[in-house]
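Student: This is protein39.cif, which holds mmCIF, N, CA and C atoms:
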```
data_coords
#
loop_
_atom_site.label_atom_id
_atom_site.label_comp_id
_atom_site.auth_asym_id
_atom_site.auth_seq_id
_atom_site.Cartn_x
_atom_site.Cartn_y
_atom_site.Cartn_z
N MET A 1 6.42 -9.51 -24.04
CA MET A 1 7.58 -9.47 -23.16
C MET A 1 7.10 -9.53 -21.71
N PRO A 2 7.65 -10.44 -20.92
CA PRO A 2 7.28 -10.48 -19.50
C PRO A 2 7.78 -9.23 -18.77
N THR A 3 7.02 -8.84 -17.77
CA THR A 3 7.37 -7.66 -16.98
C THR A 3 7.48 -8.06 -15.52
N LEU A 4 8.52 -7.58 -14.87
CA LEU A 4 8.70 -7.79 -13.44
C LEU A 4 8.65 -6.44 -12.76
N LEU A 5 7.67 -6.28 -11.87
CA LEU A 5 7.56 -5.06 -11.08
C LEU A 5 8.30 -5.27 -9.76
N TYR A 6 9.24 -4.41 -9.45
CA TYR A 6 9.94 -4.45 -8.16
C TYR A 6 9.36 -3.33 -7.30
N LEU A 7 8.73 -3.71 -6.18
CA LEU A 7 8.07 -2.73 -5.31
C LEU A 7 8.88 -2.54 -4.03
N HIS A 8 9.41 -1.36 -3.85
CA HIS A 8 10.24 -1.04 -2.69
C HIS A 8 9.38 -0.88 -1.44
N GLY A 9 10.05 -0.83 -0.31
CA GLY A 9 9.37 -0.69 0.97
C GLY A 9 9.01 0.74 1.30
N PHE A 10 8.27 0.88 2.40
CA PHE A 10 7.86 2.19 2.90
C PHE A 10 9.11 2.99 3.25
N ASN A 11 9.13 4.23 2.83
CA ASN A 11 10.25 5.14 3.09
C ASN A 11 11.55 4.68 2.43
N SER A 12 11.42 3.86 1.41
CA SER A 12 12.56 3.47 0.59
C SER A 12 12.34 4.07 -0.79
N SER A 13 13.07 3.58 -1.77
CA SER A 13 12.90 4.13 -3.11
C SER A 13 13.37 3.10 -4.14
N PRO A 14 13.05 3.35 -5.41
CA PRO A 14 13.53 2.46 -6.46
C PRO A 14 15.05 2.56 -6.64
N GLU A 15 15.66 3.51 -5.96
CA GLU A 15 17.12 3.68 -6.03
C GLU A 15 17.84 2.95 -4.90
N SER A 16 17.11 2.18 -4.11
CA SER A 16 17.76 1.44 -3.01
C SER A 16 18.76 0.44 -3.58
N LYS A 17 19.70 0.07 -2.74
CA LYS A 17 20.73 -0.88 -3.17
C LYS A 17 20.10 -2.20 -3.61
N LYS A 18 19.11 -2.68 -2.85
CA LYS A 18 18.45 -3.95 -3.18
C LYS A 18 17.77 -3.87 -4.55
N ALA A 19 17.08 -2.77 -4.82
CA ALA A 19 16.39 -2.60 -6.11
C ALA A 19 17.41 -2.55 -7.25
N GLN A 20 18.49 -1.81 -7.05
CA GLN A 20 19.51 -1.68 -8.09
C GLN A 20 20.21 -3.01 -8.35
N GLN A 21 20.54 -3.75 -7.28
CA GLN A 21 21.20 -5.05 -7.45
C GLN A 21 20.28 -6.03 -8.17
N THR A 22 19.00 -6.01 -7.83
CA THR A 22 18.05 -6.92 -8.48
C THR A 22 17.92 -6.57 -9.95
N GLN A 23 17.82 -5.29 -10.26
CA GLN A 23 17.72 -4.89 -11.66
C GLN A 23 18.98 -5.30 -12.42
N ARG A 24 20.13 -5.07 -11.83
CA ARG A 24 21.39 -5.43 -12.50
C ARG A 24 21.43 -6.94 -12.80
N TRP A 25 20.96 -7.77 -11.84
CA TRP A 25 20.96 -9.21 -12.05
C TRP A 25 20.07 -9.56 -13.24
N PHE A 26 18.89 -8.96 -13.31
CA PHE A 26 17.99 -9.27 -14.42
C PHE A 26 18.56 -8.78 -15.75
N GLU A 27 19.20 -7.63 -15.76
CA GLU A 27 19.81 -7.13 -16.99
C GLU A 27 20.88 -8.09 -17.49
N GLN A 28 21.64 -8.68 -16.59
CA GLN A 28 22.74 -9.58 -16.97
C GLN A 28 22.26 -11.00 -17.26
N ASN A 29 21.21 -11.46 -16.58
CA ASN A 29 20.82 -12.86 -16.67
C ASN A 29 19.48 -13.12 -17.36
N ALA A 30 18.64 -12.11 -17.46
CA ALA A 30 17.33 -12.29 -18.09
C ALA A 30 16.92 -10.99 -18.78
N PRO A 31 17.71 -10.56 -19.79
CA PRO A 31 17.45 -9.27 -20.43
C PRO A 31 16.11 -9.22 -21.18
N GLU A 32 15.50 -10.38 -21.40
CA GLU A 32 14.21 -10.40 -22.10
C GLU A 32 13.05 -9.98 -21.19
N ILE A 33 13.33 -9.80 -19.90
CA ILE A 33 12.30 -9.39 -18.95
C ILE A 33 12.39 -7.88 -18.74
N GLU A 34 11.27 -7.21 -18.92
CA GLU A 34 11.20 -5.78 -18.64
C GLU A 34 11.17 -5.60 -17.11
N PHE A 35 12.17 -4.94 -16.57
CA PHE A 35 12.27 -4.73 -15.13
C PHE A 35 11.81 -3.31 -14.82
N VAL A 36 10.74 -3.19 -14.04
CA VAL A 36 10.16 -1.89 -13.72
C VAL A 36 10.21 -1.69 -12.21
N ARG A 37 10.81 -0.59 -11.78
CA ARG A 37 10.87 -0.29 -10.35
C ARG A 37 10.30 1.11 -10.12
N PRO A 38 8.97 1.17 -9.96
CA PRO A 38 8.32 2.48 -9.80
C PRO A 38 8.63 3.11 -8.45
N SER A 39 8.56 4.41 -8.41
CA SER A 39 8.68 5.15 -7.16
C SER A 39 7.30 5.22 -6.54
N LEU A 40 7.11 4.52 -5.43
CA LEU A 40 5.80 4.44 -4.80
C LEU A 40 5.58 5.61 -3.85
N PRO A 41 4.46 6.31 -4.00
CA PRO A 41 4.16 7.40 -3.07
C PRO A 41 3.81 6.84 -1.69
N PRO A 42 3.92 7.65 -0.63
CA PRO A 42 3.64 7.15 0.72
C PRO A 42 2.16 6.84 0.96
N TYR A 43 1.27 7.49 0.23
CA TYR A 43 -0.17 7.22 0.40
C TYR A 43 -0.51 5.93 -0.34
N ALA A 44 -1.06 4.97 0.38
CA ALA A 44 -1.33 3.64 -0.17
C ALA A 44 -2.29 3.69 -1.34
N ASP A 45 -3.32 4.53 -1.27
CA ASP A 45 -4.28 4.59 -2.38
C ASP A 45 -3.61 5.11 -3.65
N ALA A 46 -2.71 6.06 -3.51
CA ALA A 46 -1.97 6.57 -4.67
C ALA A 46 -1.01 5.52 -5.20
N ALA A 47 -0.37 4.78 -4.30
CA ALA A 47 0.55 3.71 -4.72
C ALA A 47 -0.21 2.63 -5.48
N ILE A 48 -1.33 2.20 -4.94
CA ILE A 48 -2.12 1.15 -5.60
C ILE A 48 -2.64 1.64 -6.95
N SER A 49 -3.07 2.88 -7.04
CA SER A 49 -3.53 3.43 -8.33
C SER A 49 -2.42 3.38 -9.38
N LEU A 50 -1.22 3.77 -8.97
CA LEU A 50 -0.07 3.72 -9.87
C LEU A 50 0.19 2.29 -10.32
N LEU A 51 0.17 1.35 -9.38
CA LEU A 51 0.46 -0.05 -9.69
C LEU A 51 -0.63 -0.66 -10.57
N GLU A 52 -1.88 -0.33 -10.30
CA GLU A 52 -2.97 -0.83 -11.15
C GLU A 52 -2.82 -0.32 -12.58
N LYS A 53 -2.38 0.93 -12.73
CA LYS A 53 -2.13 1.48 -14.07
C LYS A 53 -1.02 0.70 -14.76
N LEU A 54 0.08 0.44 -14.04
CA LEU A 54 1.20 -0.31 -14.63
C LEU A 54 0.77 -1.72 -15.04
N VAL A 55 0.00 -2.39 -14.19
CA VAL A 55 -0.47 -3.74 -14.53
C VAL A 55 -1.45 -3.67 -15.71
N GLY A 56 -2.34 -2.69 -15.68
CA GLY A 56 -3.35 -2.56 -16.73
C GLY A 56 -2.79 -2.27 -18.11
N GLU A 57 -1.58 -1.75 -18.17
CA GLU A 57 -0.95 -1.44 -19.46
C GLU A 57 -0.32 -2.66 -20.12
N ARG A 58 -0.36 -3.80 -19.42
CA ARG A 58 0.32 -5.01 -19.90
C ARG A 58 -0.64 -6.19 -19.82
N PRO A 59 -0.41 -7.23 -20.63
CA PRO A 59 -1.21 -8.44 -20.45
C PRO A 59 -0.97 -9.01 -19.05
N ALA A 60 -2.04 -9.25 -18.30
CA ALA A 60 -1.92 -9.68 -16.90
C ALA A 60 -1.09 -10.95 -16.75
N ASP A 61 -1.15 -11.83 -17.72
CA ASP A 61 -0.41 -13.09 -17.59
C ASP A 61 1.09 -12.92 -17.85
N SER A 62 1.51 -11.69 -18.18
CA SER A 62 2.94 -11.44 -18.40
C SER A 62 3.55 -10.58 -17.30
N VAL A 63 2.78 -10.29 -16.24
CA VAL A 63 3.26 -9.43 -15.16
C VAL A 63 3.55 -10.27 -13.92
N PHE A 64 4.72 -10.04 -13.35
CA PHE A 64 5.15 -10.71 -12.13
C PHE A 64 5.62 -9.63 -11.16
N VAL A 65 5.60 -9.92 -9.87
CA VAL A 65 5.89 -8.89 -8.87
C VAL A 65 6.87 -9.41 -7.82
N ILE A 66 7.83 -8.55 -7.47
CA ILE A 66 8.67 -8.76 -6.28
C ILE A 66 8.35 -7.58 -5.37
N GLY A 67 8.03 -7.86 -4.12
CA GLY A 67 7.74 -6.80 -3.17
C GLY A 67 8.55 -6.97 -1.91
N SER A 68 9.20 -5.89 -1.49
CA SER A 68 10.02 -5.90 -0.28
C SER A 68 9.33 -5.06 0.80
N SER A 69 9.13 -5.66 1.96
CA SER A 69 8.54 -4.97 3.10
C SER A 69 7.16 -4.42 2.74
N MET A 70 6.96 -3.10 2.79
CA MET A 70 5.66 -2.54 2.41
C MET A 70 5.34 -2.86 0.95
N GLY A 71 6.37 -2.95 0.12
CA GLY A 71 6.17 -3.38 -1.26
C GLY A 71 5.62 -4.79 -1.33
N GLY A 72 5.96 -5.62 -0.33
CA GLY A 72 5.40 -6.97 -0.24
C GLY A 72 3.91 -6.94 0.06
N PHE A 73 3.50 -5.97 0.87
CA PHE A 73 2.07 -5.78 1.14
C PHE A 73 1.34 -5.41 -0.15
N PHE A 74 1.91 -4.45 -0.90
CA PHE A 74 1.30 -4.06 -2.16
C PHE A 74 1.32 -5.20 -3.17
N ALA A 75 2.41 -5.96 -3.19
CA ALA A 75 2.49 -7.11 -4.10
C ALA A 75 1.40 -8.12 -3.79
N THR A 76 1.11 -8.33 -2.51
CA THR A 76 0.03 -9.23 -2.12
C THR A 76 -1.31 -8.71 -2.62
N CYS A 77 -1.54 -7.42 -2.48
CA CYS A 77 -2.79 -6.81 -2.97
C CYS A 77 -2.94 -7.05 -4.47
N LEU A 78 -1.87 -6.80 -5.23
CA LEU A 78 -1.92 -6.98 -6.68
C LEU A 78 -2.09 -8.45 -7.06
N ALA A 79 -1.37 -9.33 -6.37
CA ALA A 79 -1.45 -10.76 -6.67
C ALA A 79 -2.88 -11.26 -6.48
N GLU A 80 -3.53 -10.82 -5.42
CA GLU A 80 -4.90 -11.24 -5.17
C GLU A 80 -5.87 -10.63 -6.17
N GLN A 81 -5.69 -9.37 -6.50
CA GLN A 81 -6.62 -8.68 -7.40
C GLN A 81 -6.50 -9.16 -8.85
N TYR A 82 -5.27 -9.41 -9.31
CA TYR A 82 -5.04 -9.74 -10.71
C TYR A 82 -4.58 -11.18 -10.93
N ASN A 83 -4.52 -11.96 -9.86
CA ASN A 83 -4.05 -13.35 -9.94
C ASN A 83 -2.62 -13.41 -10.51
N LEU A 84 -1.75 -12.55 -9.97
CA LEU A 84 -0.36 -12.48 -10.41
C LEU A 84 0.51 -13.37 -9.53
N LYS A 85 1.62 -13.79 -10.08
CA LYS A 85 2.63 -14.49 -9.29
C LYS A 85 3.51 -13.43 -8.63
N ALA A 86 3.80 -13.66 -7.34
CA ALA A 86 4.56 -12.67 -6.59
C ALA A 86 5.58 -13.34 -5.69
N VAL A 87 6.71 -12.66 -5.51
CA VAL A 87 7.72 -13.06 -4.54
C VAL A 87 7.74 -11.96 -3.49
N LEU A 88 7.60 -12.36 -2.23
CA LEU A 88 7.56 -11.40 -1.13
C LEU A 88 8.85 -11.51 -0.32
N VAL A 89 9.51 -10.38 -0.12
CA VAL A 89 10.75 -10.33 0.65
C VAL A 89 10.45 -9.60 1.95
N ASN A 90 10.43 -10.36 3.05
CA ASN A 90 10.12 -9.78 4.36
C ASN A 90 8.91 -8.86 4.27
N PRO A 91 7.75 -9.39 3.85
CA PRO A 91 6.59 -8.52 3.61
C PRO A 91 5.99 -7.94 4.88
N ALA A 92 5.45 -6.76 4.76
CA ALA A 92 4.68 -6.15 5.85
C ALA A 92 3.31 -6.83 5.84
N VAL A 93 3.01 -7.59 6.88
CA VAL A 93 1.73 -8.29 6.92
C VAL A 93 0.68 -7.53 7.73
N SER A 94 1.11 -6.70 8.63
CA SER A 94 0.22 -5.80 9.39
C SER A 94 0.88 -4.43 9.43
N PRO A 95 0.96 -3.77 8.28
CA PRO A 95 1.75 -2.52 8.22
C PRO A 95 1.24 -1.44 9.15
N ASP A 96 -0.05 -1.44 9.43
CA ASP A 96 -0.58 -0.41 10.32
C ASP A 96 0.00 -0.53 11.72
N ARG A 97 0.20 -1.75 12.20
CA ARG A 97 0.78 -1.95 13.54
C ARG A 97 2.21 -1.44 13.60
N GLY A 98 2.99 -1.78 12.58
CA GLY A 98 4.39 -1.38 12.58
C GLY A 98 4.59 0.12 12.47
N LEU A 99 3.69 0.79 11.78
CA LEU A 99 3.85 2.23 11.56
C LEU A 99 3.21 3.09 12.64
N GLN A 100 2.30 2.51 13.40
CA GLN A 100 1.55 3.25 14.43
C GLN A 100 2.47 4.03 15.37
N ASN A 101 3.58 3.42 15.79
CA ASN A 101 4.49 4.06 16.75
C ASN A 101 5.27 5.23 16.16
N GLY A 102 5.30 5.33 14.83
CA GLY A 102 6.08 6.39 14.22
C GLY A 102 5.28 7.60 13.79
N LEU A 103 4.00 7.66 14.15
CA LEU A 103 3.18 8.80 13.74
C LEU A 103 3.80 10.12 14.17
N GLU A 104 3.86 11.03 13.22
CA GLU A 104 4.36 12.40 13.42
C GLU A 104 5.83 12.47 13.82
N ARG A 105 6.51 11.31 13.90
CA ARG A 105 7.94 11.31 14.27
C ARG A 105 8.82 10.78 13.16
N THR A 106 8.24 10.00 12.25
CA THR A 106 9.02 9.35 11.21
C THR A 106 9.08 10.24 9.98
N PRO A 107 10.28 10.72 9.61
CA PRO A 107 10.39 11.52 8.39
C PRO A 107 10.10 10.65 7.17
N ILE A 108 9.43 11.20 6.21
CA ILE A 108 9.12 10.49 4.96
C ILE A 108 9.99 11.09 3.87
N ILE A 109 10.94 10.30 3.36
CA ILE A 109 11.91 10.85 2.40
C ILE A 109 11.25 11.30 1.11
N THR A 110 10.16 10.67 0.72
CA THR A 110 9.52 11.06 -0.54
C THR A 110 8.74 12.36 -0.40
N LEU A 111 8.52 12.83 0.83
CA LEU A 111 7.82 14.09 1.03
C LEU A 111 8.77 15.25 1.29
N GLY A 112 10.06 15.00 1.33
CA GLY A 112 11.03 16.05 1.57
C GLY A 112 11.25 16.30 3.05
N LYS A 113 11.98 17.33 3.37
CA LYS A 113 12.37 17.61 4.76
C LYS A 113 11.18 17.88 5.68
N CYS A 114 10.09 18.38 5.16
CA CYS A 114 8.95 18.75 6.00
C CYS A 114 7.96 17.61 6.21
N GLY A 115 8.15 16.49 5.53
CA GLY A 115 7.15 15.43 5.59
C GLY A 115 7.40 14.44 6.72
N TYR A 116 6.32 14.07 7.41
CA TYR A 116 6.37 13.06 8.46
C TYR A 116 5.21 12.10 8.28
N LEU A 117 5.38 10.92 8.83
CA LEU A 117 4.30 9.94 8.79
C LEU A 117 3.08 10.52 9.48
N SER A 118 2.00 10.66 8.75
CA SER A 118 0.79 11.27 9.29
C SER A 118 -0.31 10.22 9.45
N ARG A 119 -1.32 10.59 10.20
CA ARG A 119 -2.48 9.71 10.37
C ARG A 119 -3.14 9.44 9.03
N SER A 120 -3.17 10.42 8.13
CA SER A 120 -3.82 10.20 6.82
C SER A 120 -3.05 9.18 5.98
N ILE A 121 -1.72 9.17 6.06
CA ILE A 121 -0.94 8.15 5.37
C ILE A 121 -1.25 6.79 5.97
N LEU A 122 -1.25 6.72 7.29
CA LEU A 122 -1.54 5.45 7.98
C LEU A 122 -2.95 4.95 7.62
N MET A 123 -3.93 5.83 7.60
CA MET A 123 -5.30 5.43 7.29
C MET A 123 -5.44 4.96 5.83
N SER A 124 -4.63 5.52 4.94
CA SER A 124 -4.67 5.06 3.55
C SER A 124 -4.18 3.62 3.44
N ILE A 125 -3.26 3.24 4.33
CA ILE A 125 -2.76 1.87 4.37
C ILE A 125 -3.81 0.95 5.00
N VAL A 126 -4.39 1.40 6.11
CA VAL A 126 -5.40 0.61 6.80
C VAL A 126 -6.57 0.29 5.87
N ALA A 127 -6.91 1.22 4.99
CA ALA A 127 -8.05 1.01 4.08
C ALA A 127 -7.83 -0.18 3.14
N LEU A 128 -6.58 -0.56 2.91
CA LEU A 128 -6.30 -1.68 2.01
C LEU A 128 -6.25 -3.04 2.73
N ILE A 129 -6.22 -3.02 4.05
CA ILE A 129 -6.12 -4.27 4.80
C ILE A 129 -7.47 -4.97 4.80
N PRO A 130 -7.51 -6.21 4.33
CA PRO A 130 -8.79 -6.94 4.32
C PRO A 130 -9.35 -7.09 5.74
N GLN A 131 -10.65 -6.91 5.87
CA GLN A 131 -11.31 -7.06 7.16
C GLN A 131 -11.54 -8.55 7.43
N ARG A 132 -11.36 -8.95 8.66
CA ARG A 132 -11.55 -10.36 9.02
C ARG A 132 -12.91 -10.59 9.60
#
```
Could you rewrite the structure in this file as structure tokens?

Tutor:
Amino acid sequence: MPTLLYLHGFNSSPESKKAQQTQRWFEQNAPEIEFVRPSLPPYADAAISLLEKLVGERPADSVFVIGSSMGGFFATCLAEQYNLKAVLVNPAVSPDRGLQNGLERTPIITLGKCGYLSRSILMSIVALIPQR
């Protein structure tokens, strides 16, 4: 069975309207595709570990990825590592630049009321950016 991973953006969730609408479309039009929308943690290394586990549990040639914003960044990482086909929706191409201004000011919904974008979260993202 083919699997489609839907990867949400930073500070979003698998419960976003876009994720739900996409899942509903696949349920109605392509029910033979397993639609998976994992909840990605804010730390990039933890998110990639989760995604590698999901990909590793399936035949690589049956996994496809849709990534939105930061999810597009992760989708690119997976596509390059596993030679997967991916669709990127407004992907974050330099996520460290975009998030730099929000350090210690941006609430992180997945961390609850006390969580804010920290330098350690930002550095976990920077570690995944290929060096030029």

Student: Any chance you could resolve the PyMOL selection byres (((chain A and resi 37 and name CA) around 7) and name CA) against this file and give the residues as a PyMOL selection string?

Tutor: chain A and resi 5-7+14+35-36+38-39

Student: Select, from A:Ala86, A:Ala60, A:Ala19, A:Val93, the residue with the minimum atom-to-atom distance to Phe73 of chain A, counting only N, CA and C atoms.

Tutor: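 Ranked by minimum distance to Phe73 of chain A, first place goes to A:Val93.
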
Student: Please, what distance in Å, to one decimal, runs between atom N of Ile33 of chain A and atom N of Val87 of chain A?

Tutor: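 Spanning atom N of Ile33 of chain A to atom N of Val87 of chain A is a straight-line distance of 16.1 Å.
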
Student: Measure the distance from atom N of Gly67 of chain A to atom CA of Pro31 of chain A in Å and round it to one decimal.

Tutor: 18.9 Å

Student: Quick one: which residues end up in the PyMOL selection byres (((chain A and resi 124 and name CA) around 12) and name CA) for this structure, as number ranges by chain?

Tutor: A: 41-48, 95-96, 117-123, 125-129

Student: For atom CA of Phe10 of chain A and atom CA of Pro59 of chain A, quote the distance in Å rounded to one decimal.

Tutor: 27.2 Å

Student: My list of candidates is A:Ser68, A:Pro91, A:Ser62, A:Met1. Which is closest to Ser16 of chain A when distances are computed with only C-alpha atoms?

Tutor: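 Ranking A:Ser68, A:Pro91, A:Ser62, A:Met1 by distance to Ser16 of chain A, first place goes to A:Ser68.
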